$ cat my_file_32.tsv   # TSV, N, CA and C atoms
chain	number	residue	atom	x	y	z
A	1	MET	N	80.35	115.75	210.98
A	1	MET	CA	80.21	116.63	209.86
A	1	MET	C	81.60	116.86	209.26
A	2	LEU	N	81.62	116.91	207.96
A	2	LEU	CA	82.86	117.14	207.23
A	2	LEU	C	82.70	118.45	206.46
A	3	ARG	N	83.61	119.34	206.65
A	3	ARG	CA	83.58	120.60	205.92
A	3	ARG	C	84.73	120.65	204.95
A	4	VAL	N	84.42	121.04	203.74
A	4	VAL	CA	85.44	121.18	202.72
A	4	VAL	C	85.47	122.64	202.31
A	5	HIS	N	86.61	123.25	202.40
A	5	HIS	CA	86.74	124.67	202.07
A	5	HIS	C	87.38	124.82	200.69
A	6	PHE	N	86.72	125.58	199.84
A	6	PHE	CA	87.22	125.83	198.50
A	6	PHE	C	87.66	127.28	198.40
A	7	THR	N	88.73	127.50	197.69
A	7	THR	CA	89.17	128.87	197.43
A	7	THR	C	88.61	129.30	196.08
A	8	ALA	N	88.70	130.57	195.79
A	8	ALA	CA	88.26	131.08	194.50
A	8	ALA	C	89.05	130.42	193.38
A	9	GLU	N	90.31	130.16	193.63
A	9	GLU	CA	91.15	129.49	192.63
A	9	GLU	C	90.65	128.06	192.35
A	10	ASP	N	90.23	127.37	193.40
A	10	ASP	CA	89.67	126.03	193.22
A	10	ASP	C	88.44	126.09	192.31
A	11	LEU	N	87.59	127.06	192.53
A	11	LEU	CA	86.36	127.16	191.75
A	11	LEU	C	86.63	127.51	190.29
A	12	THR	N	87.73	128.20	190.01
A	12	THR	CA	88.04	128.53	188.62
A	12	THR	C	88.54	127.31	187.85
A	13	ARG	N	88.93	126.26	188.55
A	13	ARG	CA	89.42	125.04	187.90
A	13	ARG	C	88.32	124.04	187.60
A	14	ILE	N	87.08	124.36	187.93
A	14	ILE	CA	85.97	123.43	187.68
A	14	ILE	C	85.74	123.31	186.18
A	15	ARG	N	85.62	122.07	185.73
A	15	ARG	CA	85.33	121.80	184.33
A	15	ARG	C	84.05	120.98	184.24
A	16	PHE	N	83.31	121.16	183.19
A	16	PHE	CA	82.07	120.41	182.98
A	16	PHE	C	82.28	119.38	181.88
A	17	ALA	N	81.63	118.26	182.04
A	17	ALA	CA	81.75	117.20	181.04
A	17	ALA	C	81.11	117.64	179.73
A	18	ARG	N	81.64	117.15	178.64
A	18	ARG	CA	81.10	117.50	177.31
A	18	ARG	C	79.74	116.88	177.09
A	19	ARG	N	79.50	115.72	177.70
A	19	ARG	CA	78.20	115.04	177.55
A	19	ARG	C	77.94	114.25	178.84
A	20	PRO	N	76.67	113.91	179.09
A	20	PRO	CA	76.37	113.15	180.30
A	20	PRO	C	76.96	111.75	180.26
A	21	ALA	N	77.21	111.20	181.41
A	21	ALA	CA	77.69	109.82	181.53
A	21	ALA	C	76.44	108.94	181.64
A	22	PRO	N	76.14	108.13	180.62
A	22	PRO	CA	74.88	107.38	180.60
A	22	PRO	C	74.65	106.48	181.81
A	23	LEU	N	75.67	105.78	182.28
A	23	LEU	CA	75.46	104.88	183.41
A	23	LEU	C	75.17	105.66	184.69
A	24	GLN	N	75.84	106.78	184.88
A	24	GLN	CA	75.57	107.60	186.06
A	24	GLN	C	74.18	108.21	185.99
A	25	GLU	N	73.75	108.61	184.80
A	25	GLU	CA	72.40	109.16	184.63
A	25	GLU	C	71.35	108.09	184.92
A	26	LEU	N	71.61	106.87	184.42
A	26	LEU	CA	70.69	105.76	184.66
A	26	LEU	C	70.60	105.45	186.15
A	27	HIS	N	71.73	105.43	186.81
A	27	HIS	CA	71.75	105.15	188.25
A	27	HIS	C	70.96	106.22	189.02
A	28	ALA	N	71.18	107.47	188.70
A	28	ALA	CA	70.46	108.55	189.39
A	28	ALA	C	68.96	108.46	189.15
A	29	ALA	N	68.57	108.16	187.92
A	29	ALA	CA	67.14	108.05	187.60
A	29	ALA	C	66.50	106.87	188.32
A	30	LEU	N	67.18	105.72	188.32
A	30	LEU	CA	66.63	104.55	189.02
A	30	LEU	C	66.54	104.78	190.52
A	31	ALA	N	67.57	105.38	191.08
A	31	ALA	CA	67.55	105.64	192.53
A	31	ALA	C	66.42	106.60	192.89
A	32	THR	N	66.18	107.61	192.05
A	32	THR	CA	65.11	108.56	192.31
A	32	THR	C	63.75	107.90	192.12
A	33	ALA	N	63.64	107.00	191.15
A	33	ALA	CA	62.36	106.35	190.88
A	33	ALA	C	61.93	105.43	192.01
A	34	VAL	N	62.87	104.77	192.66
A	34	VAL	CA	62.48	103.82	193.70
A	34	VAL	C	62.55	104.40	195.11
A	35	ALA	N	63.15	105.58	195.26
A	35	ALA	CA	63.24	106.21	196.58
A	35	ALA	C	61.89	106.80	196.97
A	36	HIS	N	61.63	106.84	198.24
A	36	HIS	CA	60.37	107.41	198.71
A	36	HIS	C	60.58	108.83	199.23
A	37	SER	N	61.73	109.41	198.92
A	37	SER	CA	61.97	110.79	199.33
A	37	SER	C	61.62	111.71	198.17
A	38	GLY	N	61.62	112.99	198.42
A	38	GLY	CA	61.30	113.95	197.38
A	38	GLY	C	59.86	114.38	197.41
A	39	GLY	N	59.03	113.65	198.14
A	39	GLY	CA	57.63	114.01	198.31
A	39	GLY	C	56.91	114.33	197.01
A	40	PRO	N	56.13	115.39	197.01
A	40	PRO	CA	55.32	115.72	195.84
A	40	PRO	C	56.12	116.19	194.63
A	41	LEU	N	57.37	116.53	194.83
A	41	LEU	CA	58.18	116.99	193.71
A	41	LEU	C	58.36	115.90	192.66
A	42	PHE	N	58.69	114.69	193.08
A	42	PHE	CA	58.95	113.60	192.15
A	42	PHE	C	57.79	112.62	192.03
A	43	ALA	N	56.76	112.76	192.82
A	43	ALA	CA	55.68	111.78	192.83
A	43	ALA	C	55.04	111.56	191.46
A	44	PRO	N	54.65	112.61	190.73
A	44	PRO	CA	54.04	112.37	189.41
A	44	PRO	C	55.00	111.68	188.44
A	45	TRP	N	56.24	112.12	188.41
A	45	TRP	CA	57.23	111.52	187.53
A	45	TRP	C	57.48	110.07	187.92
A	46	ARG	N	57.64	109.82	189.21
A	46	ARG	CA	57.90	108.47	189.71
A	46	ARG	C	56.78	107.52	189.30
A	47	GLY	N	55.53	107.95	189.46
A	47	GLY	CA	54.40	107.11	189.08
A	47	GLY	C	54.40	106.78	187.60
A	48	ARG	N	54.64	107.79	186.76
A	48	ARG	CA	54.67	107.56	185.31
A	48	ARG	C	55.79	106.60	184.92
A	49	VAL	N	56.96	106.81	185.49
A	49	VAL	CA	58.11	105.98	185.13
A	49	VAL	C	57.89	104.54	185.55
A	50	LEU	N	57.47	104.32	186.78
A	50	LEU	CA	57.32	102.95	187.27
A	50	LEU	C	56.20	102.21	186.55
A	51	ARG	N	55.15	102.92	186.13
A	51	ARG	CA	54.07	102.27	185.37
A	51	ARG	C	54.49	101.97	183.94
A	52	SER	N	55.36	102.79	183.38
A	52	SER	CA	55.71	102.63	181.97
A	52	SER	C	56.87	101.68	181.71
A	53	LEU	N	57.61	101.29	182.74
A	53	LEU	CA	58.73	100.38	182.53
A	53	LEU	C	58.22	98.98	182.21
A	54	PRO	N	58.75	98.35	181.17
A	54	PRO	CA	58.35	96.98	180.88
A	54	PRO	C	59.00	96.00	181.87
A	55	ALA	N	58.48	94.81	181.93
A	55	ALA	CA	59.03	93.80	182.84
A	55	ALA	C	60.49	93.49	182.50
A	56	SER	N	60.84	93.64	181.23
A	56	SER	CA	62.21	93.34	180.82
A	56	SER	C	63.23	94.35	181.39
A	57	ALA	N	62.75	95.44	181.99
A	57	ALA	CA	63.65	96.42	182.59
A	57	ALA	C	64.05	96.01	184.01
A	58	GLY	N	63.50	94.94	184.53
A	58	GLY	CA	63.81	94.46	185.87
A	58	GLY	C	65.28	94.31	186.17
A	59	PRO	N	66.07	93.74	185.26
A	59	PRO	CA	67.51	93.57	185.53
A	59	PRO	C	68.27	94.89	185.72
A	60	LEU	N	67.68	96.00	185.29
A	60	LEU	CA	68.35	97.29	185.52
A	60	LEU	C	68.52	97.56	187.02
A	61	ALA	N	67.63	96.99	187.82
A	61	ALA	CA	67.73	97.19	189.27
A	61	ALA	C	69.03	96.59	189.83
A	62	ASP	N	69.57	95.61	189.14
A	62	ASP	CA	70.85	95.02	189.58
A	62	ASP	C	72.01	96.00	189.38
A	63	LEU	N	71.87	96.92	188.46
A	63	LEU	CA	72.92	97.90	188.23
A	63	LEU	C	72.96	98.97	189.30
A	64	ALA	N	71.80	99.24	189.88
A	64	ALA	CA	71.71	100.31	190.89
A	64	ALA	C	71.04	99.77	192.14
A	65	PRO	N	71.79	99.03	192.95
A	65	PRO	CA	71.17	98.43	194.13
A	65	PRO	C	70.73	99.48	195.15
$ encode --input "my_file_32.tsv" --output "structure tokens"
Amino acid sequence: MLRVHFTAEDLTRIRFARRPAPLQELHAALATAVAHSGGPLFAPWRGRVLRSLPASAGPLADLAP
């Protein structure tokens, strides 16, 4: 186990991105779509996404192994 301790000063330096990073968002979505974790929380979304993706989206899997 690795523990990281943050001080209040560390937390005041947190900055948020102005906009999402598209490739990171795509990776997170693909990983969530193909993972079997999350149980009933993601099951309806996962089913809709995987059924609605066209065959031409197959190469996207190479981006997020």
$ atom_distance --input "my_file_32.tsv" --atom1 "CA of Leu23 in chain A" --atom2 "CA of Ser56 in chain A"
17.8 Å
$ axis_aligned_box --input "my_file_32.tsv" --around "range 1-8 of chain A" --padding-each-side "3 Å" --output "lines of an AutoDock Vina configuration file"
center_x = 84.7
center_y = 123.4
center_z = 202.2
size_x = 15.0
size_y = 21.3
size_z = 23.6
$ atom_distance --input "my_file_32.tsv" --atom1 "atom N of Pro44 in chain A" --atom2 "atom N of Gly58 in chain A"
20.7 Å
$ select_by_dssp --input "my_file_32.tsv" --residues "chain A" --states "helix (DSSP H, G or I)" --output "ChimeraX atom specification"
/A:8-12,22-34,39-41,43-52,55-57,60-63
$ residues_around --input "my_file_32.tsv" --residues "range 48-51 of chain A" --least-positions-apart "5" --cutoff "8 Å" --atoms "only N, CA and C atoms" --output "list in words"
Ala33, Val34, Phe42 and Ala43 of chain A
$ atom_distance --input "my_file_32.tsv" --atom1 "CA of Leu63 in chain A" --atom2 "atom N of Thr32 in chain A"
12.4 Å
